[in-house]
Amino acid sequence: MPLKIAIDAGHGSNTAGKRTPPFPKDVRVSDKLVIKKGEQFKEHVANVGVCYYLEQELQRCGFATMRTGWNDDNAFDDPDTPLTDRQRAIALANCDYCISIHFNASGDGKSFNDAQGIGVFIHNKYPGQSKRLAEIVLKHLVGGSVQKNRGVKADALAMCNCNSLDTKAAILCELAFMTNEHEAVNMMANEAFWKECAREICQGLCEFTGVKYVPEETIEKKALYRVQIGAFANKANAEKLAAELKKKGYDATIVQA
């Protein structure tokens, strides 16, 4: 049986607060999403973005996954599922590990400030094997985009409580500060950063569990598709077959090898 990972997207689409201060300029998050100057960007949207790519990373490496706090890549219609409901669902699903995705904040949330960096949380009373997992995941995360390393910290966070989740380990990743203008604009509101974090978290989990990490390029390079009807030394025979295929409604192309 493959190891099962719960992928938790923090908060909900319309959770009060949990968003950046107004952006000072237009920001292109992805090909489908642009935040206009003066608009705020919700944390849950970025959380789901990372979760979506993390799920792809984990499944490619052979892990089984489940979702809490999100149900697809549309982050604009998710209720803020109560923490106890998330815990119960993960425990009932017999997950081995849980990873909760968040972005951090500091101050009143109305203006940007200089709080910055990336960190990982574990539970202060029921950490299970979380400390080592957190250390390894954080090592991979800080190896990517240049950020202040805020380290591994312990707190009484529901999504890190291995006792309530019935998991071997559970970590909560705070990937950047939504109240820091640089990190909000260039990291939180940046699809490329979502993909980067997803890859690094998966690499960390693979290292922790002893599972081989499978890069996306490896899968792409293995893809090979060919359809060939015939090969002839005589061109006239090739032309005859091509004509017959065309009469039947197929596109036929003759290629000289």
# chains A, B, ... in the order shown; residues from 1 in each chain; ligands from 1
call {"tool": "residues_around", "arguments": {"residues": "stretch 99-115 of chain A", "least_positions_apart": "6", "cutoff": "10 Å", "atoms": "only C-alpha atoms", "output": "ChimeraX atom specification"}}
result
/A:5-11,17-23,40,42-44,46-51,54,68-69,121,134,148,159-160,169-184,187-188,197-198,201,205
call {"tool": "select_by_dssp", "arguments": {"residues": "stretch 42-197 of chain A", "states": "strand (DSSP E or B)", "output": "PDB file with C-alpha atoms, in the first residue's frame"}}
result
ATOM      1  CA  LYS A  42      -6.552  36.081  -0.505  1.00  0.00           C
ATOM      2  CA  ALA A  64      -1.674   8.335  -2.338  1.00  0.00           C
ATOM      3  CA  THR A  65      -3.266  11.683  -1.432  1.00  0.00           C
ATOM      4  CA  MET A  66      -6.395  13.213   0.043  1.00  0.00           C
ATOM      5  CA  ARG A  67      -7.601  16.836   0.174  1.00  0.00           C
ATOM      6  CA  THR A  68      -8.908  18.922   3.057  1.00  0.00           C
ATOM      7  CA  TYR A  97       1.293  12.163   7.076  1.00  0.00           C
ATOM      8  CA  CYS A  98      -0.337  15.588   6.854  1.00  0.00           C
ATOM      9  CA  ILE A  99       0.995  18.739   5.224  1.00  0.00           C
ATOM     10  CA  SER A 100      -0.896  21.999   5.722  1.00  0.00           C
ATOM     11  CA  ILE A 101      -0.123  24.941   3.447  1.00  0.00           C
ATOM     12  CA  HIS A 102      -0.273  28.558   4.620  1.00  0.00           C
ATOM     13  CA  PHE A 103       1.186  32.016   4.125  1.00  0.00           C
ATOM     14  CA  ASN A 104       2.170  34.093   7.148  1.00  0.00           C
ATOM     15  CA  ILE A 118       9.709  30.885   5.603  1.00  0.00           C
ATOM     16  CA  GLY A 119       9.140  28.459   8.456  1.00  0.00           C
ATOM     17  CA  VAL A 120       7.592  25.130   9.393  1.00  0.00           C
ATOM     18  CA  PHE A 121       5.464  24.359  12.463  1.00  0.00           C
ATOM     19  CA  ILE A 122       4.977  21.166  14.436  1.00  0.00           C
ATOM     20  CA  HIS A 123       2.792  20.464  17.477  1.00  0.00           C
ATOM     21  CA  ASN A 149      14.931  30.877   7.394  1.00  0.00           C
ATOM     22  CA  ARG A 150      12.604  31.172  10.398  1.00  0.00           C
ATOM     23  CA  GLY A 151      13.279  27.589  11.417  1.00  0.00           C
ATOM     24  CA  VAL A 152      11.082  24.856  12.869  1.00  0.00           C
ATOM     25  CA  LYS A 153       8.764  25.991  15.650  1.00  0.00           C
ATOM     26  CA  ALA A 154       6.371  24.150  17.953  1.00  0.00           C
ATOM     27  CA  ASP A 155       2.878  25.403  18.793  1.00  0.00           C
ATOM     28  CA  ALA A 169       3.825  13.240  11.425  1.00  0.00           C
ATOM     29  CA  ALA A 170       2.112  16.513  10.553  1.00  0.00           C
ATOM     30  CA  ILE A 171       3.622  19.852   9.580  1.00  0.00           C
ATOM     31  CA  LEU A 172       2.294  23.308   8.726  1.00  0.00           C
ATOM     32  CA  CYS A 173       4.337  25.291   6.206  1.00  0.00           C
ATOM     33  CA  GLU A 174       4.287  29.106   6.309  1.00  0.00           C
ATOM     34  CA  LEU A 175       5.777  29.772   2.885  1.00  0.00           C
ATOM     35  CA  ALA A 176       6.124  33.575   2.891  1.00  0.00           C
ATOM     36  CA  PHE A 177       4.630  36.700   4.472  1.00  0.00           C
TER      37      PHE A 177
END
call {"tool": "residues_around", "arguments": {"residues": "A:Pro79", "least_positions_apart": "6", "cutoff": "9 Å", "atoms": "only C-alpha atoms", "output": "list in words"}}
result
His11, Gly12, Ser13, Asn14, Thr15, Gly69 and Trp70 of chain A
call {"tool": "write_last_selection", "arguments": {"atoms": "C-alpha atoms", "output": "compact mmCIF listing (two decimals), in the first residue's frame"}}
result
# COMPACT_ATOMS: atom_id res chain seq x y z
CA HIS A 11 -8.65 28.71 5.60
CA GLY A 12 -11.36 29.25 2.97
CA SER A 13 -12.20 31.42 -0.01
CA ASN A 14 -13.89 34.10 2.07
CA THR A 15 -12.24 33.78 5.49
CA GLY A 69 -9.92 22.56 2.77
CA TRP A 70 -10.11 22.34 -1.03
call {"tool": "closest_residue", "arguments": {"among": "A:Gly144, A:Pro127, A:Gly117, A:Pro2", "to": "A:Asp96", "atoms": "only C-alpha atoms"}}
result
A:Pro2
call {"tool": "closest_residue", "arguments": {"among": "A:Ala75, A:Leu157, A:Cys61, A:Leu92", "to": "A:Phe41", "atoms": "only C-alpha atoms"}}
result
A:Ala75
call {"tool": "closest_residue", "arguments": {"among": "A:Asn71, A:Ile90, A:Val27, A:Asp251", "to": "A:Tyr52", "atoms": "only C-alpha atoms"}}
result
A:Asn71
call {"tool": "closest_residue", "arguments": {"among": "A:Asn161, A:Asn234, A:Gln56, A:Gln203", "to": "A:Val137", "atoms": "only C-alpha atoms"}}
result
A:Gln203
call {"tool": "select_by_dssp", "arguments": {"residues": "stretch 96-227 of chain A", "states": "helix (DSSP H, G or I)", "output": "short mmCIF file (atom, residue, chain, number, x, y, z; two decimals) with C-alpha atoms, in the first residue's frame"}}
result
data_model
loop_
_atom_site.label_atom_id
_atom_site.label_comp_id
_atom_site.auth_asym_id
_atom_site.auth_seq_id
_atom_site.Cartn_x
_atom_site.Cartn_y
_atom_site.Cartn_z
CA SER A 130 7.10 15.69 12.84
CA LYS A 131 10.31 17.39 13.94
CA ARG A 132 12.53 15.43 11.60
CA LEU A 133 10.08 15.74 8.71
CA ALA A 134 9.86 19.51 9.30
CA GLU A 135 13.64 19.87 9.35
CA ILE A 136 14.06 18.01 6.08
CA VAL A 137 11.22 19.83 4.30
CA LEU A 138 12.54 23.19 5.48
CA LYS A 139 16.01 22.31 4.23
CA HIS A 140 14.60 21.86 0.73
CA LEU A 141 12.42 24.98 0.92
CA VAL A 142 15.27 27.30 1.91
CA ALA A 158 -4.69 21.75 15.14
CA MET A 159 -3.28 20.71 11.79
CA CYS A 160 -0.04 19.60 13.42
CA CYS A 162 -0.66 13.93 15.31
CA ASN A 163 -2.87 12.60 18.10
CA SER A 164 -6.06 14.13 16.67
CA LEU A 165 -5.03 13.50 13.07
CA GLU A 181 5.37 43.58 -0.16
CA HIS A 182 8.26 41.74 -1.83
CA GLU A 183 7.12 38.30 -0.67
CA ALA A 184 3.45 39.00 -1.41
CA VAL A 185 4.08 40.22 -4.94
CA ASN A 186 6.91 37.90 -5.97
CA MET A 187 6.13 34.74 -4.01
CA MET A 188 2.60 34.45 -2.68
CA GLU A 191 2.36 30.56 -9.75
CA ALA A 192 6.02 29.73 -10.37
CA PHE A 193 6.69 30.03 -6.63
CA TRP A 194 3.72 27.74 -5.89
CA LYS A 195 5.24 25.10 -8.16
CA GLU A 196 8.66 25.56 -6.62
CA CYS A 197 7.37 25.10 -3.07
CA ALA A 198 5.32 22.05 -4.09
CA ARG A 199 8.40 20.45 -5.61
CA GLU A 200 10.59 21.21 -2.59
CA ILE A 201 8.03 19.92 -0.07
CA CYS A 202 7.65 16.71 -2.06
CA GLN A 203 11.43 16.31 -2.24
CA GLY A 204 11.58 16.69 1.53
CA LEU A 205 8.86 14.12 2.11
CA CYS A 206 10.55 11.72 -0.28
CA GLU A 207 13.84 12.07 1.57
CA PHE A 208 12.11 11.56 4.92
CA THR A 209 10.20 8.44 3.82
CA GLU A 216 8.55 16.03 -13.82
CA GLU A 217 11.03 16.08 -16.72
CA THR A 218 11.63 12.35 -16.30
CA ILE A 219 7.99 11.61 -17.05
CA GLU A 220 7.97 13.97 -20.02
CA LYS A 221 11.09 12.43 -21.54
CA LYS A 222 9.61 8.94 -21.32
#
call {"tool": "atom_distance", "arguments": {"atom1": "atom CA of A:Lys32", "atom2": "atom CA of A:Thr81"}}
result
25.8 Å
call {"tool": "atom_distance", "arguments": {"atom1": "atom CA of A:Ala16", "atom2": "atom CA of A:Cys95"}}
result
29.4 Å
call {"tool": "closest_residue", "arguments": {"among": "A:Met1, A:Asn124, A:Lys246, A:Val45", "to": "A:Ser30", "atoms": "only C-alpha atoms"}}
result
A:Val45
call {"tool": "atom_distance", "arguments": {"atom1": "atom CA of A:Asn94", "atom2": "atom CA of A:Lys4"}}
result
7.5 Å
call {"tool": "decode", "arguments": {"residues": "stretch 35-80 of chain A", "atoms": "N, CA and C atoms", "output": "short mmCIF file (atom, residue, chain, number, x, y, z; two decimals), in the first residue's frame"}}
result
data_model
loop_
_atom_site.label_atom_id
_atom_site.label_comp_id
_atom_site.auth_asym_id
_atom_site.auth_seq_id
_atom_site.Cartn_x
_atom_site.Cartn_y
_atom_site.Cartn_z
N ILE A 35 -4.04 40.28 -10.39
CA ILE A 35 -4.51 41.11 -9.28
C ILE A 35 -4.28 42.56 -9.66
N LYS A 36 -5.35 43.34 -9.68
CA LYS A 36 -5.24 44.74 -10.08
C LYS A 36 -4.71 45.60 -8.93
N LYS A 37 -4.09 46.70 -9.31
CA LYS A 37 -3.60 47.66 -8.32
C LYS A 37 -4.74 48.06 -7.39
N GLY A 38 -4.48 48.03 -6.10
CA GLY A 38 -5.49 48.38 -5.10
C GLY A 38 -6.30 47.21 -4.59
N GLU A 39 -6.22 46.05 -5.27
CA GLU A 39 -6.94 44.86 -4.83
C GLU A 39 -6.10 44.08 -3.81
N GLN A 40 -6.77 43.25 -3.03
CA GLN A 40 -6.10 42.38 -2.08
C GLN A 40 -6.12 40.95 -2.60
N PHE A 41 -5.13 40.18 -2.21
CA PHE A 41 -5.01 38.80 -2.67
C PHE A 41 -5.22 37.87 -1.49
N LYS A 42 -6.18 36.95 -1.62
CA LYS A 42 -6.55 36.08 -0.50
C LYS A 42 -5.55 34.94 -0.33
N GLU A 43 -5.24 34.69 0.93
CA GLU A 43 -4.28 33.62 1.24
C GLU A 43 -4.74 32.27 0.70
N HIS A 44 -6.02 31.97 0.82
CA HIS A 44 -6.51 30.65 0.43
C HIS A 44 -6.22 30.35 -1.04
N VAL A 45 -6.27 31.37 -1.88
CA VAL A 45 -6.00 31.17 -3.31
C VAL A 45 -4.57 30.65 -3.50
N ALA A 46 -3.63 31.25 -2.80
CA ALA A 46 -2.24 30.80 -2.89
C ALA A 46 -2.07 29.43 -2.24
N ASN A 47 -2.76 29.21 -1.13
CA ASN A 47 -2.68 27.90 -0.47
C ASN A 47 -3.11 26.79 -1.41
N VAL A 48 -4.25 26.99 -2.07
CA VAL A 48 -4.76 25.98 -3.00
C VAL A 48 -3.80 25.81 -4.19
N GLY A 49 -3.23 26.93 -4.65
CA GLY A 49 -2.28 26.84 -5.75
C GLY A 49 -1.12 25.91 -5.43
N VAL A 50 -0.56 26.06 -4.24
CA VAL A 50 0.54 25.18 -3.82
C VAL A 50 0.04 23.75 -3.66
N CYS A 51 -1.13 23.58 -3.02
CA CYS A 51 -1.68 22.23 -2.81
C CYS A 51 -1.92 21.50 -4.12
N TYR A 52 -2.43 22.21 -5.10
CA TYR A 52 -2.72 21.61 -6.40
C TYR A 52 -1.46 21.02 -7.03
N TYR A 53 -0.38 21.78 -7.00
CA TYR A 53 0.87 21.28 -7.57
C TYR A 53 1.54 20.25 -6.67
N LEU A 54 1.36 20.38 -5.36
CA LEU A 54 1.91 19.39 -4.45
C LEU A 54 1.26 18.03 -4.67
N GLU A 55 -0.04 18.02 -4.90
CA GLU A 55 -0.73 16.77 -5.18
C GLU A 55 -0.14 16.09 -6.41
N GLN A 56 0.11 16.86 -7.45
CA GLN A 56 0.69 16.29 -8.67
C GLN A 56 2.08 15.72 -8.40
N GLU A 57 2.87 16.47 -7.64
CA GLU A 57 4.21 16.00 -7.30
C GLU A 57 4.16 14.68 -6.53
N LEU A 58 3.33 14.64 -5.50
CA LEU A 58 3.25 13.45 -4.65
C LEU A 58 2.74 12.23 -5.42
N GLN A 59 1.71 12.42 -6.21
CA GLN A 59 1.15 11.30 -6.96
C GLN A 59 2.15 10.78 -7.99
N ARG A 60 2.91 11.67 -8.59
CA ARG A 60 3.92 11.23 -9.56
C ARG A 60 4.99 10.36 -8.89
N CYS A 61 5.24 10.62 -7.60
CA CYS A 61 6.24 9.87 -6.85
C CYS A 61 5.67 8.62 -6.20
N GLY A 62 4.38 8.36 -6.43
CA GLY A 62 3.79 7.12 -5.97
C GLY A 62 3.01 7.20 -4.66
N PHE A 63 2.86 8.39 -4.09
CA PHE A 63 2.07 8.55 -2.87
C PHE A 63 0.58 8.58 -3.20
N ALA A 64 -0.23 8.11 -2.28
CA ALA A 64 -1.67 8.33 -2.34
C ALA A 64 -1.95 9.66 -1.62
N THR A 65 -2.99 10.37 -2.02
CA THR A 65 -3.27 11.68 -1.43
C THR A 65 -4.75 11.85 -1.11
N MET A 66 -5.03 12.77 -0.21
CA MET A 66 -6.40 13.21 0.04
C MET A 66 -6.36 14.72 0.25
N ARG A 67 -7.51 15.38 0.07
CA ARG A 67 -7.60 16.84 0.17
C ARG A 67 -8.48 17.25 1.34
N THR A 68 -8.03 18.27 2.08
CA THR A 68 -8.91 18.92 3.06
C THR A 68 -8.77 20.42 2.87
N GLY A 69 -9.91 21.11 2.96
CA GLY A 69 -9.92 22.56 2.77
C GLY A 69 -10.02 22.98 1.32
N TRP A 70 -9.99 22.04 0.40
CA TRP A 70 -10.11 22.34 -1.03
C TRP A 70 -10.58 21.08 -1.75
N ASN A 71 -11.20 21.26 -2.92
CA ASN A 71 -11.69 20.09 -3.65
C ASN A 71 -11.24 20.06 -5.11
N ASP A 72 -10.68 21.16 -5.60
CA ASP A 72 -10.14 21.22 -6.96
C ASP A 72 -9.26 22.45 -7.06
N ASP A 73 -8.84 22.81 -8.29
CA ASP A 73 -7.93 23.94 -8.44
C ASP A 73 -8.65 25.29 -8.44
N ASN A 74 -9.97 25.29 -8.28
CA ASN A 74 -10.72 26.54 -8.15
C ASN A 74 -10.75 26.92 -6.67
N ALA A 75 -10.01 27.96 -6.32
CA ALA A 75 -9.88 28.36 -4.91
C ALA A 75 -10.90 29.40 -4.49
N PHE A 76 -11.87 29.68 -5.34
CA PHE A 76 -12.80 30.78 -5.06
C PHE A 76 -14.16 30.30 -4.57
N ASP A 77 -14.32 29.01 -4.33
CA ASP A 77 -15.62 28.50 -3.88
C ASP A 77 -15.51 27.51 -2.72
N ASP A 78 -14.44 27.64 -1.94
CA ASP A 78 -14.20 26.69 -0.85
C ASP A 78 -14.66 27.26 0.49
N PRO A 79 -15.53 26.57 1.21
CA PRO A 79 -15.89 27.01 2.56
C PRO A 79 -14.69 26.82 3.49
N ASP A 80 -14.66 27.56 4.57
CA ASP A 80 -13.59 27.39 5.56
C ASP A 80 -13.97 26.22 6.46
#
